[in-house]
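Have a look at the structure below before the remarks.
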Amino acid sequence: MIDAHRLDLDQALQLLQQAGALLPDEAPHSAPWLQAVLNALCDLSSRDALTGLVNRRSFEMALSREVDRVARAGEPALLLMLDIDHFKAVNDTHGHGVGDQVIRAVAGAVAQTVRPMDLVARVGGEEFAIILPNCATHVGLAVAERVRERVSELSIEVGPGQMLGVTVSLGGAFAPPWVRSSALLWTERADRQLYRAKAEGRNRACLEPQIDSLVSAEEKGMLFSPLNSDLQQDSP
Ligand SMILES: Nc1nc2c(ncn2[C@@H]2O[C@H](COP(=O)(O)OP(=O)(O)OP(=O)(O)O)[C@@H](O)[C@H]2O)c(=O)[nH]1
């Protein structure tokens, strides 16, 4: 049994306080209190401080989980990479503070546009990623377009009476159903489409052309038959 009084938790509690996290109501140093402190620290370390979105580390974990899920369940999942257009010019013209404000506004708009089950992450300075589980392939482009349009409608007040508009480019790729791919390959494919969107003029969404699965219904049945359950678990 751990005696929580003997643990040095000062720094952890200061971090939580500084981040504005609510400290647990439970009796200090009790087991439920300690658990609540750990939960709050986990939450803090999985979020980006500027936007409150999921950070790159959590995104990578979620993406690997999604790769596994798609390979098992065969449901199509879409990964969108999103980058603010000409963002350097925003910083250069209006300053870093306004740049941060724009990043926050874009993050809010994107998070409000997708479904609660979708995961929006800030994966770089002005770069975001969205994992959309169970997203039908024929609606992928419409979803990406909706996000693009929503951001382009933003009017961000960056000074008294001074409004700023911003656009984003998006690149997307579906995880191949029934196939064990890797998070890295999936990200690279979506990134390639993002570069295409930038090269084709920005403020647009490009999705990887769909390649129909070569796995037949019969093969899918075989993959999930009890005889092959070991094979399924061991396959790379
Ligand atoms: N304000 C602010 N700026 C950031 C942050 N992180 C990165 N940046 C800036 O984002 C800018 C990214 O610029 P670039 O990668 O050149 O791209 P861009 O100007 O958006 O141009 P394109 O992507 O080609 O449309 C750089 O100037 C970085 O300094 C941040 O957290 N806050």
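Residue numbering restarts at 1 for every chain of the structure tokens, chains are lettered A, B, ... in their displayed order, and ligands are numbered from 1 as they appear.
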
Please report as a tab-separated table every residue of chain A lying within 12 Å of ligand 1, along with the nearest atom pair and their distance in Å (one decimal), using only C-alpha atoms and all ligand atoms.
residue	atom	partner	partner_atom_place_in_ligand_line	distance
A:Asp48	CA	ligand 1	31 (O)	10.1
A:Ala49	CA	ligand 1	31 (O)	9.8
A:Leu50	CA	ligand 1	31 (O)	7.5
A:Thr51	CA	ligand 1	31 (O)	9.7
A:Met81	CA	ligand 1	23 (O)	11.9
A:Leu82	CA	ligand 1	23 (O)	9.6
A:Asp83	CA	ligand 1	23 (O)	6.1
A:Ile84	CA	ligand 1	20 (O)	5.4
A:Asp85	CA	ligand 1	25 (O)	3.5
A:His86	CA	ligand 1	19 (O)	3.6
A:Phe87	CA	ligand 1	20 (O)	3.5
A:Lys88	CA	ligand 1	19 (O)	3.6
A:Ala89	CA	ligand 1	19 (O)	5.8
A:Val90	CA	ligand 1	19 (O)	7.9
A:Asn91	CA	ligand 1	1 (N)	5.8
A:Asp92	CA	ligand 1	27 (O)	7.6
A:Thr93	CA	ligand 1	27 (O)	10.8
A:His94	CA	ligand 1	1 (N)	9.5
A:Gly95	CA	ligand 1	1 (N)	7.2
A:His96	CA	ligand 1	1 (N)	4.0
A:Gly97	CA	ligand 1	1 (N)	5.9
A:Val98	CA	ligand 1	1 (N)	6.6
A:Gly99	CA	ligand 1	1 (N)	3.6
A:Asp100	CA	ligand 1	1 (N)	4.2
A:Gln101	CA	ligand 1	1 (N)	7.6
A:Val102	CA	ligand 1	1 (N)	7.9
A:Ile103	CA	ligand 1	32 (N)	7.1
A:Arg104	CA	ligand 1	32 (N)	9.5
A:Arg122	CA	ligand 1	31 (O)	9.9
A:Val123	CA	ligand 1	6 (N)	10.2
A:Gly124	CA	ligand 1	6 (N)	6.7
A:Gly125	CA	ligand 1	6 (N)	3.1
A:Glu126	CA	ligand 1	10 (O)	5.6
A:Glu127	CA	ligand 1	6 (N)	8.5
A:Phe128	CA	ligand 1	6 (N)	11.4
A:Val166	CA	ligand 1	20 (O)	10.5
A:Thr167	CA	ligand 1	25 (O)	9.0
A:Val168	CA	ligand 1	25 (O)	7.9
A:Ser169	CA	ligand 1	25 (O)	7.8
A:Leu170	CA	ligand 1	23 (O)	10.7
A:Leu194	CA	ligand 1	23 (O)	9.7
A:Tyr195	CA	ligand 1	24 (O)	8.8
A:Arg196	CA	ligand 1	24 (O)	11.1
A:Ala197	CA	ligand 1	25 (O)	9.8
A:Lys198	CA	ligand 1	24 (O)	6.5
A:Ala199	CA	ligand 1	24 (O)	8.6
A:Glu200	CA	ligand 1	25 (O)	11.2
A:Gly201	CA	ligand 1	25 (O)	9.1
A:Arg202	CA	ligand 1	25 (O)	6.9
A:Asn203	CA	ligand 1	25 (O)	9.0
A:Arg204	CA	ligand 1	25 (O)	11.3

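Near Ala19 (chain A), within 12 Å and counting only C-alpha atoms, sit Ala12, Leu13, Ala40, Leu41, Asp43, Leu44, Ser45, Arg47, Asp48, Ala49, Leu50 and Gly52 of chain A, not including residues fewer than 6 positions from it in the same chain.
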
As number ranges by chain, please: all residues of region 39-91 of chain A that backbone DSSP puts in alpha helix (DSSP H). A: 39-45, 56-73, 87-91

Please produce a file of those selected residues containing N, CA and C atoms, as a PDB file, in the first residue's frame.
ATOM      1  N   ASN A  39      -5.210  11.152 -13.134  1.00  0.00           N
ATOM      2  CA  ASN A  39      -6.076  11.343 -14.304  1.00  0.00           C
ATOM      3  C   ASN A  39      -5.917  12.746 -14.869  1.00  0.00           C
ATOM      4  N   ALA A  40      -5.862  13.726 -13.971  1.00  0.00           N
ATOM      5  CA  ALA A  40      -5.735  15.125 -14.413  1.00  0.00           C
ATOM      6  C   ALA A  40      -4.391  15.349 -15.104  1.00  0.00           C
ATOM      7  N   LEU A  41      -3.332  14.697 -14.592  1.00  0.00           N
ATOM      8  CA  LEU A  41      -2.008  14.832 -15.223  1.00  0.00           C
ATOM      9  C   LEU A  41      -1.999  14.187 -16.614  1.00  0.00           C
ATOM     10  N   CYS A  42      -2.652  13.027 -16.726  1.00  0.00           N
ATOM     11  CA  CYS A  42      -2.739  12.347 -18.033  1.00  0.00           C
ATOM     12  C   CYS A  42      -3.456  13.251 -19.019  1.00  0.00           C
ATOM     13  N   ASP A  43      -4.566  13.851 -18.569  1.00  0.00           N
ATOM     14  CA  ASP A  43      -5.337  14.729 -19.451  1.00  0.00           C
ATOM     15  C   ASP A  43      -4.480  15.916 -19.895  1.00  0.00           C
ATOM     16  N   LEU A  44      -3.739  16.471 -18.940  1.00  0.00           N
ATOM     17  CA  LEU A  44      -2.883  17.633 -19.231  1.00  0.00           C
ATOM     18  C   LEU A  44      -1.801  17.273 -20.250  1.00  0.00           C
ATOM     19  N   SER A  45      -1.211  16.092 -20.091  1.00  0.00           N
ATOM     20  CA  SER A  45      -0.102  15.729 -20.975  1.00  0.00           C
ATOM     21  C   SER A  45      -0.580  15.276 -22.351  1.00  0.00           C
ATOM     22  N   ARG A  56       0.188  16.031 -30.392  1.00  0.00           N
ATOM     23  CA  ARG A  56       0.733  15.073 -31.358  1.00  0.00           C
ATOM     24  C   ARG A  56       0.895  13.672 -30.765  1.00  0.00           C
ATOM     25  N   ARG A  57       1.351  13.611 -29.522  1.00  0.00           N
ATOM     26  CA  ARG A  57       1.579  12.300 -28.902  1.00  0.00           C
ATOM     27  C   ARG A  57       0.274  11.493 -28.824  1.00  0.00           C
ATOM     28  N   SER A  58      -0.790  12.148 -28.346  1.00  0.00           N
ATOM     29  CA  SER A  58      -2.076  11.434 -28.231  1.00  0.00           C
ATOM     30  C   SER A  58      -2.625  11.105 -29.604  1.00  0.00           C
ATOM     31  N   PHE A  59      -2.395  12.018 -30.549  1.00  0.00           N
ATOM     32  CA  PHE A  59      -2.860  11.769 -31.915  1.00  0.00           C
ATOM     33  C   PHE A  59      -2.219  10.491 -32.454  1.00  0.00           C
ATOM     34  N   GLU A  60      -0.916  10.352 -32.250  1.00  0.00           N
ATOM     35  CA  GLU A  60      -0.220   9.174 -32.783  1.00  0.00           C
ATOM     36  C   GLU A  60      -0.751   7.888 -32.146  1.00  0.00           C
ATOM     37  N   MET A  61      -1.048   7.960 -30.849  1.00  0.00           N
ATOM     38  CA  MET A  61      -1.609   6.781 -30.181  1.00  0.00           C
ATOM     39  C   MET A  61      -2.991   6.453 -30.747  1.00  0.00           C
ATOM     40  N   ALA A  62      -3.805   7.499 -30.929  1.00  0.00           N
ATOM     41  CA  ALA A  62      -5.169   7.289 -31.446  1.00  0.00           C
ATOM     42  C   ALA A  62      -5.123   6.749 -32.871  1.00  0.00           C
ATOM     43  N   LEU A  63      -4.160   7.236 -33.657  1.00  0.00           N
ATOM     44  CA  LEU A  63      -4.061   6.792 -35.051  1.00  0.00           C
ATOM     45  C   LEU A  63      -3.681   5.307 -35.123  1.00  0.00           C
ATOM     46  N   SER A  64      -2.765   4.887 -34.269  1.00  0.00           N
ATOM     47  CA  SER A  64      -2.390   3.463 -34.254  1.00  0.00           C
ATOM     48  C   SER A  64      -3.585   2.597 -33.855  1.00  0.00           C
ATOM     49  N   ARG A  65      -4.350   3.065 -32.880  1.00  0.00           N
ATOM     50  CA  ARG A  65      -5.551   2.311 -32.476  1.00  0.00           C
ATOM     51  C   ARG A  65      -6.521   2.205 -33.641  1.00  0.00           C
ATOM     52  N   GLU A  66      -6.649   3.303 -34.401  1.00  0.00           N
ATOM     53  CA  GLU A  66      -7.588   3.322 -35.524  1.00  0.00           C
ATOM     54  C   GLU A  66      -7.126   2.375 -36.637  1.00  0.00           C
ATOM     55  N   VAL A  67      -5.817   2.319 -36.860  1.00  0.00           N
ATOM     56  CA  VAL A  67      -5.276   1.392 -37.865  1.00  0.00           C
ATOM     57  C   VAL A  67      -5.679  -0.042 -37.498  1.00  0.00           C
ATOM     58  N   ASP A  68      -5.546  -0.397 -36.234  1.00  0.00           N
ATOM     59  CA  ASP A  68      -5.926  -1.737 -35.769  1.00  0.00           C
ATOM     60  C   ASP A  68      -7.421  -1.978 -35.971  1.00  0.00           C
ATOM     61  N   ARG A  69      -8.216  -0.972 -35.620  1.00  0.00           N
ATOM     62  CA  ARG A  69      -9.668  -1.118 -35.686  1.00  0.00           C
ATOM     63  C   ARG A  69     -10.109  -1.325 -37.136  1.00  0.00           C
ATOM     64  N   VAL A  70      -9.534  -0.542 -38.050  1.00  0.00           N
ATOM     65  CA  VAL A  70      -9.910  -0.641 -39.459  1.00  0.00           C
ATOM     66  C   VAL A  70      -9.542  -2.022 -40.001  1.00  0.00           C
ATOM     67  N   ALA A  71      -8.372  -2.534 -39.584  1.00  0.00           N
ATOM     68  CA  ALA A  71      -7.939  -3.849 -40.064  1.00  0.00           C
ATOM     69  C   ALA A  71      -8.877  -4.945 -39.565  1.00  0.00           C
ATOM     70  N   ARG A  72      -9.429  -4.758 -38.369  1.00  0.00           N
ATOM     71  CA  ARG A  72     -10.306  -5.782 -37.807  1.00  0.00           C
ATOM     72  C   ARG A  72     -11.736  -5.635 -38.279  1.00  0.00           C
ATOM     73  N   ALA A  73     -12.258  -4.403 -38.243  1.00  0.00           N
ATOM     74  CA  ALA A  73     -13.680  -4.192 -38.514  1.00  0.00           C
ATOM     75  C   ALA A  73     -13.955  -3.892 -39.979  1.00  0.00           C
ATOM     76  N   PHE A  87       0.499  31.241 -43.311  1.00  0.00           N
ATOM     77  CA  PHE A  87       0.424  31.633 -41.894  1.00  0.00           C
ATOM     78  C   PHE A  87       1.613  32.489 -41.469  1.00  0.00           C
ATOM     79  N   LYS A  88       2.742  32.278 -42.110  1.00  0.00           N
ATOM     80  CA  LYS A  88       3.930  33.089 -41.779  1.00  0.00           C
ATOM     81  C   LYS A  88       3.619  34.572 -41.974  1.00  0.00           C
ATOM     82  N   ALA A  89       2.848  34.869 -43.032  1.00  0.00           N
ATOM     83  CA  ALA A  89       2.493  36.268 -43.325  1.00  0.00           C
ATOM     84  C   ALA A  89       1.625  36.852 -42.206  1.00  0.00           C
ATOM     85  N   VAL A  90       0.783  36.028 -41.585  1.00  0.00           N
ATOM     86  CA  VAL A  90      -0.068  36.496 -40.462  1.00  0.00           C
ATOM     87  C   VAL A  90       0.836  36.928 -39.314  1.00  0.00           C
ATOM     88  N   ASN A  91       1.803  36.066 -38.982  1.00  0.00           N
ATOM     89  CA  ASN A  91       2.758  36.387 -37.908  1.00  0.00           C
ATOM     90  C   ASN A  91       3.562  37.638 -38.257  1.00  0.00           C
TER      91      ASN A  91
END

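Atom to atom, CA of Ala36 (chain A) and CA of Pro24 (chain A) stand 5.9 Å apart.
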
Long-range neighbours of His138 (chain A) as a ChimeraX atom specification, 10 Å cut-off, only C-alpha atoms, 4 positions minimum in chain: /A:142-143,210

Taking only C-alpha atoms into account, name the residue in A:Thr137, A:Gln18, A:Ser181, A:Gln112 that is nearest to Glu75 (chain A). A:Thr137

Atom pair CA of Leu16 (chain A) + CA of Leu38 (chain A), distance 10.3 Å

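Shell of Glu153 (chain A) at 8 Å, with only C-alpha atoms counted and residues fewer than 3 places along the chain excluded, is Glu149, Arg150 and Gly165 of chain A.
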
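Minimum atom-to-atom distances from A:Pro176, A:Pro28, A:Gly140, A:Gly171 to Leu80 (chain A) were compared using only C-alpha atoms, and the lowest value belongs to A:Gly171.
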
Contact residues around Ser30 (chain A) with only C-alpha atoms at 10 Å, ignoring same-chain residues under 5 positions, as JSON, numbers by chain: {"A": [2, 3, 4, 5, 35, 36]}

List every residue of region 106-183 of chain A that DSSP, applied to the backbone, labels as strand (DSSP E), and write the result as a ChimeraX atom specification. /A:119-122,127-132,156-159,162-164,168-175
